[in-house]
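Q: Coordinates in data00.txt, compact mmCIF, C-alpha atoms, are listed below.
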```
# COMPACT_ATOMS: atom_id res chain seq x y z
CA MET A 1 96.04 -94.77 -26.71
CA LYS A 2 99.82 -95.01 -26.30
CA ARG A 3 101.63 -95.99 -29.51
CA LEU A 4 103.16 -99.47 -29.40
CA PHE A 5 106.05 -98.76 -31.76
CA GLY A 6 108.85 -96.45 -30.75
CA THR A 7 111.86 -95.41 -32.81
CA ASP A 8 113.14 -99.01 -32.86
CA GLY A 9 110.25 -101.45 -32.63
CA VAL A 10 108.11 -102.35 -29.64
CA ARG A 11 109.89 -102.26 -26.27
CA GLY A 12 108.99 -102.60 -22.62
CA VAL A 13 109.56 -104.59 -19.48
CA ALA A 14 109.19 -108.24 -20.49
CA ASN A 15 106.13 -109.95 -19.00
CA VAL A 16 104.78 -106.59 -17.78
CA GLU A 17 104.53 -104.24 -20.75
CA LEU A 18 105.82 -106.59 -23.45
CA THR A 19 103.66 -109.58 -22.51
CA VAL A 20 103.30 -113.01 -24.09
CA GLU A 21 99.81 -112.00 -25.20
CA LEU A 22 101.14 -108.89 -26.94
CA ALA A 23 103.90 -110.90 -28.63
CA VAL A 24 101.32 -113.37 -29.97
CA SER A 25 99.21 -110.50 -31.31
CA LEU A 26 102.23 -108.84 -32.91
CA GLY A 27 103.12 -112.14 -34.59
CA ARG A 28 99.60 -112.56 -35.94
CA ALA A 29 99.44 -109.00 -37.23
CA ALA A 30 102.92 -109.05 -38.74
CA ALA A 31 102.25 -112.35 -40.50
CA GLY A 32 99.39 -110.78 -42.37
CA ILE A 33 101.01 -107.42 -43.12
CA VAL A 34 104.76 -107.99 -43.49
CA ALA A 35 104.23 -111.09 -45.60
CA GLN A 36 101.41 -109.86 -47.85
CA LYS A 37 103.43 -110.05 -51.08
CA ASN A 38 105.76 -112.92 -50.28
CA SER A 39 104.94 -116.53 -49.47
CA GLY A 40 108.26 -117.18 -47.74
CA PRO A 41 108.78 -117.66 -44.01
CA ILE A 42 109.48 -115.03 -41.36
CA ILE A 43 113.02 -115.26 -39.91
CA ILE A 44 113.28 -114.81 -36.13
CA GLY A 45 116.42 -114.06 -34.15
CA ARG A 46 117.03 -113.01 -30.55
CA ASP A 47 119.71 -111.84 -28.18
CA THR A 48 120.70 -113.57 -24.92
CA ARG A 49 118.04 -112.06 -22.62
CA LEU A 50 116.33 -114.47 -20.26
CA SER A 51 112.93 -113.46 -21.62
CA GLY A 52 114.01 -114.16 -25.21
CA PRO A 53 112.89 -117.79 -25.49
CA MET A 54 109.53 -116.96 -23.90
CA LEU A 55 108.82 -114.14 -26.33
CA GLU A 56 110.19 -116.15 -29.25
CA ALA A 57 107.71 -118.93 -28.52
CA ALA A 58 104.86 -116.43 -28.31
CA LEU A 59 105.86 -114.66 -31.51
CA VAL A 60 106.17 -117.98 -33.36
CA ALA A 61 102.74 -118.99 -32.09
CA GLY A 62 101.25 -115.80 -33.43
CA ILE A 63 102.94 -116.08 -36.83
CA THR A 64 102.03 -119.73 -37.37
CA SER A 65 98.46 -119.26 -36.11
CA ALA A 66 98.03 -116.68 -38.88
CA GLY A 67 99.13 -119.20 -41.51
CA ARG A 68 102.78 -118.21 -41.95
CA ASP A 69 105.91 -120.29 -41.46
CA ALA A 70 108.50 -119.19 -38.91
CA VAL A 71 112.21 -120.03 -39.01
CA CYS A 72 114.14 -119.47 -35.77
CA VAL A 73 117.86 -118.77 -36.15
CA GLY A 74 118.58 -118.49 -32.42
CA ILE A 75 121.00 -116.01 -30.86
CA VAL A 76 122.33 -113.74 -33.60
CA PRO A 77 123.06 -110.02 -33.98
CA THR A 78 120.20 -107.91 -35.31
CA PRO A 79 122.04 -107.27 -38.62
CA ALA A 80 122.27 -111.03 -39.16
CA VAL A 81 118.46 -111.23 -39.28
CA ALA A 82 118.34 -108.49 -41.92
CA CYS A 83 121.02 -110.25 -43.95
CA ILE A 84 119.40 -113.71 -43.72
CA VAL A 85 115.99 -112.36 -44.72
CA LYS A 86 117.39 -110.86 -47.89
CA GLU A 87 119.64 -113.77 -48.83
CA GLU A 88 116.93 -116.38 -48.25
CA GLY A 89 114.19 -114.46 -50.03
CA ALA A 90 112.10 -114.61 -46.85
CA ALA A 91 108.89 -112.65 -46.39
CA GLY A 92 110.33 -110.71 -43.49
CA GLY A 93 112.14 -110.96 -40.20
CA ALA A 94 111.82 -110.21 -36.51
CA MET A 95 114.49 -109.57 -33.90
CA ILE A 96 113.70 -110.04 -30.22
CA SER A 97 115.95 -107.65 -28.35
CA ALA A 98 115.93 -104.43 -26.36
CA SER A 99 119.39 -103.55 -27.66
CA HIS A 100 121.19 -101.42 -25.04
CA ASN A 101 118.28 -101.40 -22.56
CA PRO A 102 118.46 -103.03 -19.09
CA ILE A 103 118.08 -106.79 -18.51
CA ALA A 104 114.38 -106.70 -17.63
CA ASP A 105 113.43 -105.02 -20.90
CA ASN A 106 112.91 -106.68 -24.22
CA GLY A 107 111.63 -105.70 -27.62
CA ILE A 108 110.48 -106.86 -31.04
CA LYS A 109 111.48 -105.14 -34.28
CA PHE A 110 110.47 -106.23 -37.74
CA PHE A 111 112.19 -106.28 -41.14
CA GLY A 112 110.62 -106.42 -44.57
CA ALA A 113 111.60 -108.77 -47.39
CA ASP A 114 114.14 -106.18 -48.58
CA GLY A 115 116.06 -106.43 -45.29
CA PHE A 116 115.10 -102.92 -44.19
CA LYS A 117 113.25 -102.08 -41.00
CA LEU A 118 109.56 -101.42 -41.59
CA PRO A 119 108.42 -97.92 -42.52
CA ASP A 120 105.99 -96.07 -40.26
CA GLU A 121 102.94 -96.94 -42.33
CA LEU A 122 103.48 -100.70 -41.99
CA GLU A 123 104.14 -100.40 -38.27
CA ASP A 124 100.91 -98.40 -38.01
CA SER A 125 99.05 -101.16 -39.86
CA ILE A 126 100.42 -103.82 -37.50
CA GLU A 127 99.46 -101.71 -34.52
CA ALA A 128 95.95 -101.16 -35.84
CA CYS A 129 95.48 -104.93 -36.26
CA VAL A 130 96.69 -105.54 -32.72
CA HIS A 131 94.27 -103.00 -31.25
CA ALA A 132 91.38 -104.27 -33.40
CA HIS A 133 92.16 -107.94 -32.68
CA SER A 134 91.65 -108.52 -36.41
CA PHE A 135 93.63 -111.62 -37.31
CA PRO A 136 93.25 -114.48 -39.80
CA GLN A 137 92.48 -117.89 -38.25
CA PRO A 138 93.35 -120.59 -40.78
CA GLN A 139 92.69 -124.26 -40.11
CA GLY A 140 94.09 -127.63 -41.10
CA THR A 141 96.96 -127.52 -43.57
CA ALA A 142 96.67 -123.72 -43.83
CA ILE A 143 98.26 -123.29 -40.39
CA GLY A 144 101.91 -122.26 -40.52
CA THR A 145 104.82 -124.36 -39.34
CA ALA A 146 107.85 -123.56 -37.20
CA ARG A 147 111.38 -124.88 -37.56
CA ALA A 148 114.93 -124.11 -36.54
CA GLY A 149 117.09 -122.54 -39.23
CA GLN A 150 119.89 -124.82 -40.38
CA ASN A 151 123.20 -123.11 -41.12
CA LEU A 152 121.53 -119.85 -42.14
CA GLY A 153 124.18 -117.92 -40.25
CA ARG A 154 126.52 -118.64 -43.17
CA HIS A 155 125.00 -115.69 -45.02
CA TYR A 156 126.08 -113.30 -42.29
CA TYR A 157 129.50 -114.91 -41.89
CA ARG A 158 130.05 -114.32 -45.59
CA ARG A 159 128.92 -110.70 -45.26
CA LEU A 160 131.39 -110.10 -42.44
CA THR A 161 134.33 -111.53 -44.33
CA THR A 162 133.68 -109.63 -47.58
CA GLY A 163 137.08 -108.52 -48.81
CA ALA A 164 138.78 -110.91 -46.34
CA PRO A 165 141.07 -108.28 -44.79
CA ASP A 166 144.27 -109.51 -43.14
CA LEU A 167 144.04 -108.46 -39.48
CA SER A 168 147.08 -110.40 -38.29
CA ALA A 169 148.88 -107.21 -37.27
CA LEU A 170 146.21 -106.31 -34.71
CA GLU A 171 145.43 -107.35 -31.14
CA VAL A 172 141.72 -106.90 -30.55
CA ILE A 173 140.00 -106.98 -27.17
CA VAL A 174 136.31 -107.74 -27.67
CA ASP A 175 133.59 -106.80 -25.15
CA ALA A 176 130.37 -108.44 -26.34
CA ALA A 177 128.25 -107.25 -23.36
CA HIS A 178 127.12 -110.87 -22.77
CA GLY A 179 124.96 -110.29 -25.84
CA ALA A 180 124.29 -111.46 -29.36
CA ALA A 181 127.85 -111.07 -30.70
CA TYR A 182 129.45 -113.16 -27.94
CA ALA A 183 130.42 -116.06 -30.24
CA ILE A 184 130.33 -114.82 -33.82
CA PHE A 185 132.65 -111.82 -33.57
CA PRO A 186 135.65 -113.41 -31.81
CA TYR A 187 135.36 -116.34 -34.25
CA ILE A 188 135.38 -114.05 -37.30
CA LEU A 189 138.33 -112.04 -35.98
CA ARG A 190 140.38 -115.18 -35.51
CA LYS A 191 139.46 -116.36 -39.01
CA LEU A 192 140.84 -113.05 -40.30
CA GLY A 193 144.08 -113.52 -38.39
CA ALA A 194 143.70 -111.13 -35.46
CA SER A 195 144.90 -111.95 -31.95
CA VAL A 196 141.79 -111.87 -29.77
CA ILE A 197 141.14 -111.35 -26.06
CA GLU A 198 137.53 -111.88 -24.97
CA LEU A 199 135.65 -109.83 -22.36
CA HIS A 200 132.04 -110.53 -21.42
CA CYS A 201 131.79 -112.98 -24.32
CA GLU A 202 129.60 -115.50 -22.49
CA ASN A 203 125.98 -116.28 -23.31
CA ASP A 204 124.60 -114.77 -20.11
CA GLY A 205 121.31 -112.90 -20.41
CA SER A 206 121.31 -112.23 -16.69
CA ARG A 207 124.25 -109.83 -17.19
CA ILE A 208 123.56 -108.39 -20.64
CA ASN A 209 124.72 -104.73 -20.80
CA VAL A 210 125.54 -104.70 -17.07
CA GLU A 211 128.64 -102.54 -16.57
CA CYS A 212 130.03 -103.76 -19.88
CA GLY A 213 129.79 -103.40 -23.62
CA ALA A 214 128.99 -100.22 -25.51
CA THR A 215 127.01 -98.79 -22.59
CA ASP A 216 129.97 -98.94 -20.19
CA LEU A 217 133.48 -98.89 -21.66
CA ARG A 218 135.42 -98.73 -18.38
CA THR A 219 136.41 -102.39 -18.17
CA LEU A 220 137.40 -102.44 -21.83
CA GLN A 221 139.44 -99.26 -21.42
CA GLY A 222 141.29 -100.78 -18.48
CA ALA A 223 141.96 -103.98 -20.41
CA VAL A 224 143.38 -102.07 -23.40
CA GLU A 225 145.60 -99.94 -21.17
CA SER A 226 146.88 -103.02 -19.33
CA ARG A 227 147.60 -104.94 -22.53
CA THR A 228 149.41 -101.96 -24.08
CA ALA A 229 151.48 -101.47 -20.91
CA ALA A 230 152.40 -105.17 -21.01
CA GLY A 231 153.90 -104.78 -24.48
CA GLY A 232 150.89 -105.43 -26.69
CA LYS A 233 151.30 -104.20 -30.23
CA ARG A 234 148.56 -102.23 -31.99
CA VAL A 235 145.92 -103.02 -29.37
CA VAL A 236 142.31 -102.02 -30.16
CA GLY A 237 139.17 -102.46 -28.07
CA VAL A 238 135.74 -103.17 -29.61
CA ALA A 239 132.49 -103.06 -27.63
CA PHE A 240 128.97 -104.01 -28.70
CA ASP A 241 125.55 -103.50 -27.19
CA GLY A 242 123.13 -106.35 -26.48
CA ASP A 243 122.03 -107.02 -30.07
CA ALA A 244 125.27 -105.80 -31.71
CA ASP A 245 123.68 -103.27 -34.02
CA ARG A 246 126.14 -100.73 -32.67
CA ALA A 247 129.84 -100.73 -31.90
CA LEU A 248 132.15 -98.40 -29.99
CA PHE A 249 135.93 -98.56 -29.81
CA VAL A 250 138.86 -97.90 -27.48
CA ASP A 251 142.19 -96.79 -28.95
CA GLU A 252 145.63 -97.94 -27.81
CA THR A 253 145.81 -95.14 -25.23
CA GLY A 254 142.58 -96.27 -23.55
CA ARG A 255 140.58 -93.39 -25.02
CA ALA A 256 136.98 -94.00 -26.03
CA VAL A 257 136.24 -93.64 -29.75
CA SER A 258 132.64 -92.69 -30.50
CA GLY A 259 130.39 -93.22 -33.48
CA ASP A 260 131.32 -89.73 -34.68
CA HIS A 261 134.99 -90.76 -34.92
CA VAL A 262 134.04 -93.96 -36.73
CA LEU A 263 131.88 -92.10 -39.27
CA PHE A 264 134.83 -89.82 -39.99
CA ALA A 265 137.26 -92.71 -40.50
CA LEU A 266 134.85 -94.70 -42.67
CA GLY A 267 133.73 -91.64 -44.61
CA ARG A 268 137.26 -90.54 -45.43
CA ALA A 269 138.27 -94.06 -46.53
CA ALA A 270 135.12 -94.49 -48.63
CA LYS A 271 135.71 -91.16 -50.36
CA ALA A 272 139.31 -92.11 -51.13
CA ALA A 273 138.05 -95.37 -52.65
CA GLY A 274 135.45 -93.56 -54.75
CA GLN A 275 132.62 -95.26 -52.84
CA LEU A 276 131.08 -92.33 -50.91
CA ALA A 277 127.97 -91.32 -52.84
CA HIS A 278 127.59 -87.53 -53.17
CA ASP A 279 130.61 -87.13 -50.85
CA THR A 280 128.11 -87.08 -47.99
CA VAL A 281 127.75 -88.67 -44.57
CA VAL A 282 124.42 -88.68 -42.71
CA ALA A 283 124.27 -88.24 -38.93
CA THR A 284 121.81 -86.95 -36.33
CA VAL A 285 121.53 -83.66 -34.49
CA MET A 286 123.36 -85.33 -31.58
CA SER A 287 126.62 -85.67 -33.50
CA ASN A 288 129.32 -83.31 -32.30
CA PHE A 289 130.19 -80.25 -34.34
CA GLY A 290 133.76 -81.56 -34.36
CA LEU A 291 132.64 -84.31 -36.77
CA GLU A 292 131.13 -81.80 -39.16
CA ARG A 293 134.30 -79.70 -39.12
CA ALA A 294 136.60 -82.73 -39.64
CA LEU A 295 134.52 -84.08 -42.54
CA ALA A 296 134.46 -80.67 -44.19
CA SER A 297 138.26 -80.61 -44.12
CA GLN A 298 138.13 -83.76 -46.29
CA GLY A 299 135.60 -82.33 -48.72
CA ILE A 300 132.75 -84.34 -47.19
CA ARG A 301 129.35 -82.86 -46.39
CA LEU A 302 127.44 -83.79 -43.22
CA VAL A 303 123.65 -84.02 -43.42
CA ARG A 304 121.82 -84.08 -40.07
CA THR A 305 118.52 -85.79 -39.18
CA PRO A 306 116.40 -86.10 -36.02
CA VAL A 307 117.67 -88.58 -33.42
CA GLY A 308 117.09 -92.24 -34.28
CA ASP A 309 118.60 -94.61 -36.78
CA ARG A 310 115.27 -94.81 -38.62
CA TYR A 311 115.62 -91.14 -39.59
CA VAL A 312 119.21 -91.62 -40.69
CA LEU A 313 118.06 -94.59 -42.77
CA GLU A 314 115.15 -92.67 -44.32
CA CYS A 315 117.46 -89.84 -45.36
CA MET A 316 120.02 -92.24 -46.82
CA ARG A 317 117.43 -94.06 -48.90
CA ALA A 318 115.63 -90.93 -50.04
CA GLU A 319 118.77 -89.05 -51.09
CA GLY A 320 120.97 -91.93 -52.26
CA HIS A 321 123.65 -91.80 -49.56
CA VAL A 322 125.60 -94.91 -48.53
CA LEU A 323 127.01 -94.07 -45.09
CA GLY A 324 125.35 -92.72 -41.99
CA GLY A 325 124.96 -93.31 -38.30
CA GLU A 326 124.73 -92.08 -34.77
CA GLN A 327 127.16 -90.88 -32.14
CA SER A 328 126.18 -93.96 -30.12
CA GLY A 329 128.01 -96.21 -32.60
CA HIS A 330 125.02 -97.26 -34.71
CA VAL A 331 126.51 -97.12 -38.22
CA ILE A 332 124.62 -97.94 -41.42
CA ASP A 333 126.83 -98.77 -44.39
CA PHE A 334 124.87 -99.76 -47.49
CA ARG A 335 127.99 -101.27 -49.01
CA TYR A 336 127.50 -104.21 -46.64
CA ASN A 337 124.05 -104.25 -45.02
CA THR A 338 120.65 -102.59 -44.82
CA THR A 339 120.73 -101.75 -41.12
CA GLY A 340 123.09 -100.84 -38.28
CA ASP A 341 125.76 -103.54 -38.12
CA GLY A 342 128.26 -103.43 -35.25
CA PRO A 343 130.39 -106.42 -36.31
CA ARG A 344 130.63 -105.26 -39.94
CA THR A 345 131.47 -101.70 -38.82
CA ALA A 346 134.24 -103.13 -36.65
CA ILE A 347 135.66 -105.27 -39.46
CA THR A 348 135.63 -102.28 -41.84
CA LEU A 349 137.41 -100.02 -39.33
CA LEU A 350 139.94 -102.69 -38.36
CA ALA A 351 140.69 -103.31 -42.05
CA ILE A 352 141.47 -99.60 -42.50
CA LEU A 353 143.85 -99.80 -39.54
CA ALA A 354 145.55 -102.93 -40.80
CA GLU A 355 145.96 -101.66 -44.35
CA SER A 356 147.10 -98.14 -43.43
CA GLY A 357 149.45 -99.09 -40.60
CA ALA A 358 147.99 -96.20 -38.58
CA THR A 359 146.97 -96.41 -34.95
CA LEU A 360 143.32 -95.82 -34.12
CA HIS A 361 144.28 -92.69 -32.18
CA ASP A 362 145.98 -91.23 -35.25
CA LEU A 363 143.21 -92.34 -37.60
CA VAL A 364 140.54 -90.24 -35.85
CA ARG A 365 142.61 -87.42 -34.35
CA ASP A 366 141.18 -84.87 -36.81
CA VAL A 367 137.83 -85.06 -35.00
CA VAL A 368 138.33 -82.46 -32.27
CA GLU A 369 135.15 -82.60 -30.24
CA MET A 370 133.45 -79.58 -28.77
CA PRO A 371 132.49 -80.17 -25.10
CA GLN A 372 129.11 -81.92 -24.92
CA ILE A 373 127.04 -82.80 -21.85
CA LEU A 374 124.17 -85.33 -21.82
CA ILE A 375 121.85 -85.70 -18.82
CA ASN A 376 119.07 -88.28 -18.72
CA VAL A 377 115.95 -87.51 -16.69
CA ARG A 378 113.71 -90.50 -15.96
CA ALA A 379 110.16 -89.67 -17.06
CA LYS A 380 107.27 -91.87 -18.17
CA THR A 381 105.63 -89.05 -20.11
CA ARG A 382 106.90 -86.37 -22.48
CA ASP A 383 104.06 -84.01 -21.54
CA VAL A 384 106.29 -82.30 -18.99
CA LEU A 385 108.15 -80.62 -21.86
CA SER A 386 105.02 -78.55 -22.60
CA HIS A 387 104.76 -77.23 -19.02
CA ARG A 388 105.34 -73.47 -18.89
CA PRO A 389 108.25 -73.54 -16.37
CA VAL A 390 110.11 -76.10 -18.50
CA ALA A 391 109.41 -74.28 -21.76
CA ASP A 392 110.59 -71.01 -20.22
CA GLU A 393 113.79 -72.60 -18.87
CA VAL A 394 114.58 -74.18 -22.23
CA ALA A 395 113.99 -70.86 -24.01
CA ARG A 396 116.29 -69.12 -21.53
CA ALA A 397 119.01 -71.71 -22.18
CA HIS A 398 118.72 -71.22 -25.95
CA ARG A 399 119.20 -67.48 -25.50
CA GLU A 400 122.30 -68.00 -23.37
CA LEU A 401 123.84 -70.42 -25.87
CA GLU A 402 123.21 -68.32 -28.97
CA GLY A 403 126.35 -67.89 -31.02
CA TRP A 404 128.59 -70.35 -29.15
CA GLY A 405 126.60 -73.48 -28.35
CA ARG A 406 123.35 -75.40 -28.69
CA LEU A 407 120.78 -77.26 -26.59
CA LEU A 408 118.66 -80.30 -27.45
CA VAL A 409 115.87 -81.50 -25.14
CA ARG A 410 114.01 -84.56 -26.36
CA PRO A 411 112.21 -87.66 -25.15
CA SER A 412 114.01 -90.94 -25.81
CA GLY A 413 112.39 -93.18 -28.38
CA THR A 414 113.56 -96.39 -26.67
CA GLU A 415 113.51 -95.70 -22.90
CA PRO A 416 111.33 -93.73 -20.43
CA LEU A 417 113.81 -90.84 -20.41
CA ILE A 418 114.04 -87.21 -21.40
CA ARG A 419 117.51 -86.42 -22.69
CA VAL A 420 119.07 -83.00 -22.14
CA MET A 421 122.12 -82.35 -24.32
CA ALA A 422 124.16 -79.15 -24.28
CA GLU A 423 127.17 -78.48 -26.50
CA GLY A 424 129.45 -75.46 -26.61
CA SER A 425 132.93 -74.02 -26.38
CA ASP A 426 132.80 -73.47 -22.59
CA ARG A 427 132.43 -76.77 -20.69
CA GLU A 428 131.61 -75.24 -17.31
CA ARG A 429 128.86 -73.06 -18.72
CA ILE A 430 127.20 -75.84 -20.71
CA GLU A 431 127.33 -78.15 -17.67
CA ASN A 432 125.55 -75.52 -15.60
CA ILE A 433 122.95 -74.91 -18.29
CA ALA A 434 122.26 -78.63 -18.83
CA ARG A 435 121.96 -79.27 -15.09
CA ARG A 436 119.63 -76.32 -14.67
CA VAL A 437 117.30 -77.52 -17.44
CA ALA A 438 117.36 -81.10 -16.11
CA ALA A 439 116.59 -79.88 -12.58
CA CYS A 440 113.65 -77.86 -13.87
CA ILE A 441 112.23 -80.95 -15.64
CA GLU A 442 112.71 -83.06 -12.51
CA GLY A 443 110.98 -80.42 -10.41
CA GLU A 444 107.98 -80.34 -12.72
CA LEU A 445 107.77 -84.13 -12.76
CA ALA A 446 107.76 -84.16 -8.95
CA ARG A 447 104.86 -81.71 -8.94
CA SER A 448 102.85 -83.59 -11.56
```
Starting from the file, lay out its structure as structure tokens.

A:
Amino acid sequence: MKRLFGTDGVRGVANVELTVELAVSLGRAAAGIVAQKNSGPIIIGRDTRLSGPMLEAALVAGITSAGRDAVCVGIVPTPAVACIVKEEGAAGGAMISASHNPIADNGIKFFGADGFKLPDELEDSIEACVHAHSFPQPQGTAIGTARAGQNLGRHYYRRLTTGAPDLSALEVIVDAAHGAAYAIFPYILRKLGASVIELHCENDGSRINVECGATDLRTLQGAVESRTAAGGKRVVGVAFDGDADRALFVDETGRAVSGDHVLFALGRAAKAAGQLAHDTVVATVMSNFGLERALASQGIRLVRTPVGDRYVLECMRAEGHVLGGEQSGHVIDFRYNTTGDGPRTAITLLAILAESGATLHDLVRDVVEMPQILINVRAKTRDVLSHRPVADEVARAHRELEGWGRLLVRPSGTEPLIRVMAEGSDRERIENIARRVAACIEGELARS
């Protein structure tokens, strides 16, 4: 039986794979498992997707039918749910979002009372309950209640303004991807004094992540270039994905700034402030070797994990690190939150810019990236990776790259894709190798 939980909750096409019935069952199971040791409510947030209210209603029905209270906080970034859960002493939380996925998709991810995403064993317990249809059925006054959260967003607002940096020297162009940060982030920036230009900052779930936000920086890059050419001073672009757990940036030249660059800037500043535990930053195997080299020049060690923020998080908690993240812009900074937090990452980076007087381009210029190619192959099953022709082609690629590059071939944990990544000192050669491996996988899928 296919596992319900991927690397970031349960995801699928809303009303097809992620059905109302499944959402009800997940709510029932989570109510009994997430809230075992805490009598508080379960906090529920969502992004702007059209299927959000439908799945919210189903999830609330499941939670309350199992005897737990549900508090709905509406459209908020994923990190706001984690923050509110912890500040309110709630039993747990749930975020309804498919993050960077297409419009038709949606997802449900759960948080424990400590504000952290659930460990594998609790997700496995929820899944077992769903498959067994083993749920409590209280009656009368034992049934849970549902209500709208009143002013609970204040906890997250306070988290974002910690330190109250003066951003009045900056002009910030914000691309919210028509997603969960559409209102909160421009508001916070203005409260901190920045001049703000809004892009895709409307509550429009019919356009979430469509040619905008962190998944497509082209419009933001053009806007930054135009504003700089028109005389804008210290212009910076910030882009979020649908649920704002990740952020990417555009410097004053219109150049994209990845999560690797951000980890370098935050890591160096944290070390200088004496706040970088063990002088270590945690990243995944996808992070460019240029990050590792730049951090080493600052006396900072890079620890790598498998792909997925859950693995970064596990390493950070197990080894006592405070900063980690992914090349995609998903940054976890335990100084401020328990999960990836795009808005807080942006505020922290913008504060460094404002206080140092540096441009973003200069701040991250030490990260000299090695050429890296990523090709996504659409595939509903990962079994193709065990086929002999694919295994042989991958082995051949590894032999060719030995000593000057590397290859990673892996199934996505959030989408029906197999990702082929090649990195090395010769761009043309790694492009050819990556395309060859991708073509082999596509050929095998066509024959399957």

Q: Enclose all atoms of range 245-262 of chain A listed in the file in an axis-aligned box, grow every side by 3 Å, and hand back centre and edge lengths in Å to one decimal, as lines of an AutoDock Vina configuration file.

A:
```
center_x = 134.7
center_y = -96.5
center_z = -30.1
size_x = 28.1
size_y = 19.5
size_z = 19.2
```

Q: Please provide as a VMD selection string all residues within 10 Å of range 116-120 of chain A, with the sequence filter that same-chain residues fewer than 3 positions apart are discarded (counting only C-alpha atoms).

A: chain A and resid 5 to 9 34 79 82 to 83 85 to 86 92 to 94 109 to 113 123 to 126 310 313 to 314 337 to 339

Q: Have a look at A:Val394, A:Ala351, A:Glu442, A:Ala230 and name the one nearest to Asn376 in chain A; count only C-alpha atoms.

A: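 Smallest distance to Asn376 in chain A is found for A:Glu442.
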
Q: Could you check how far CA of Ala244 in chain A sits from CA of Asn209 in chain A, in Å to one decimal?

A: 11.0 Å

Q: Smallest atom-to-atom distance to Ile188 in chain A: which of A:Tyr157, A:Phe135, A:Phe249, A:Phe334, using only C-alpha atoms?

A: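 Counting only C-alpha atoms, the residue closest to Ile188 in chain A is A:Tyr157.
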
Q: For a quick check of understanding, using all atoms listed in the file, which of A:Leu353, A:Met316, A:Arg410, A:Ala346 has the smallest distance to Met286 in chain A?

A: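 Counting all atoms listed in the file, the residue closest to Met286 in chain A is A:Arg410.
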
Q: How many Å separate CA of Ile96 in chain A from CA of Arg46 in chain A?

A: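 We find that CA of Ile96 in chain A and CA of Arg46 in chain A lie 4.5 Å from each other.
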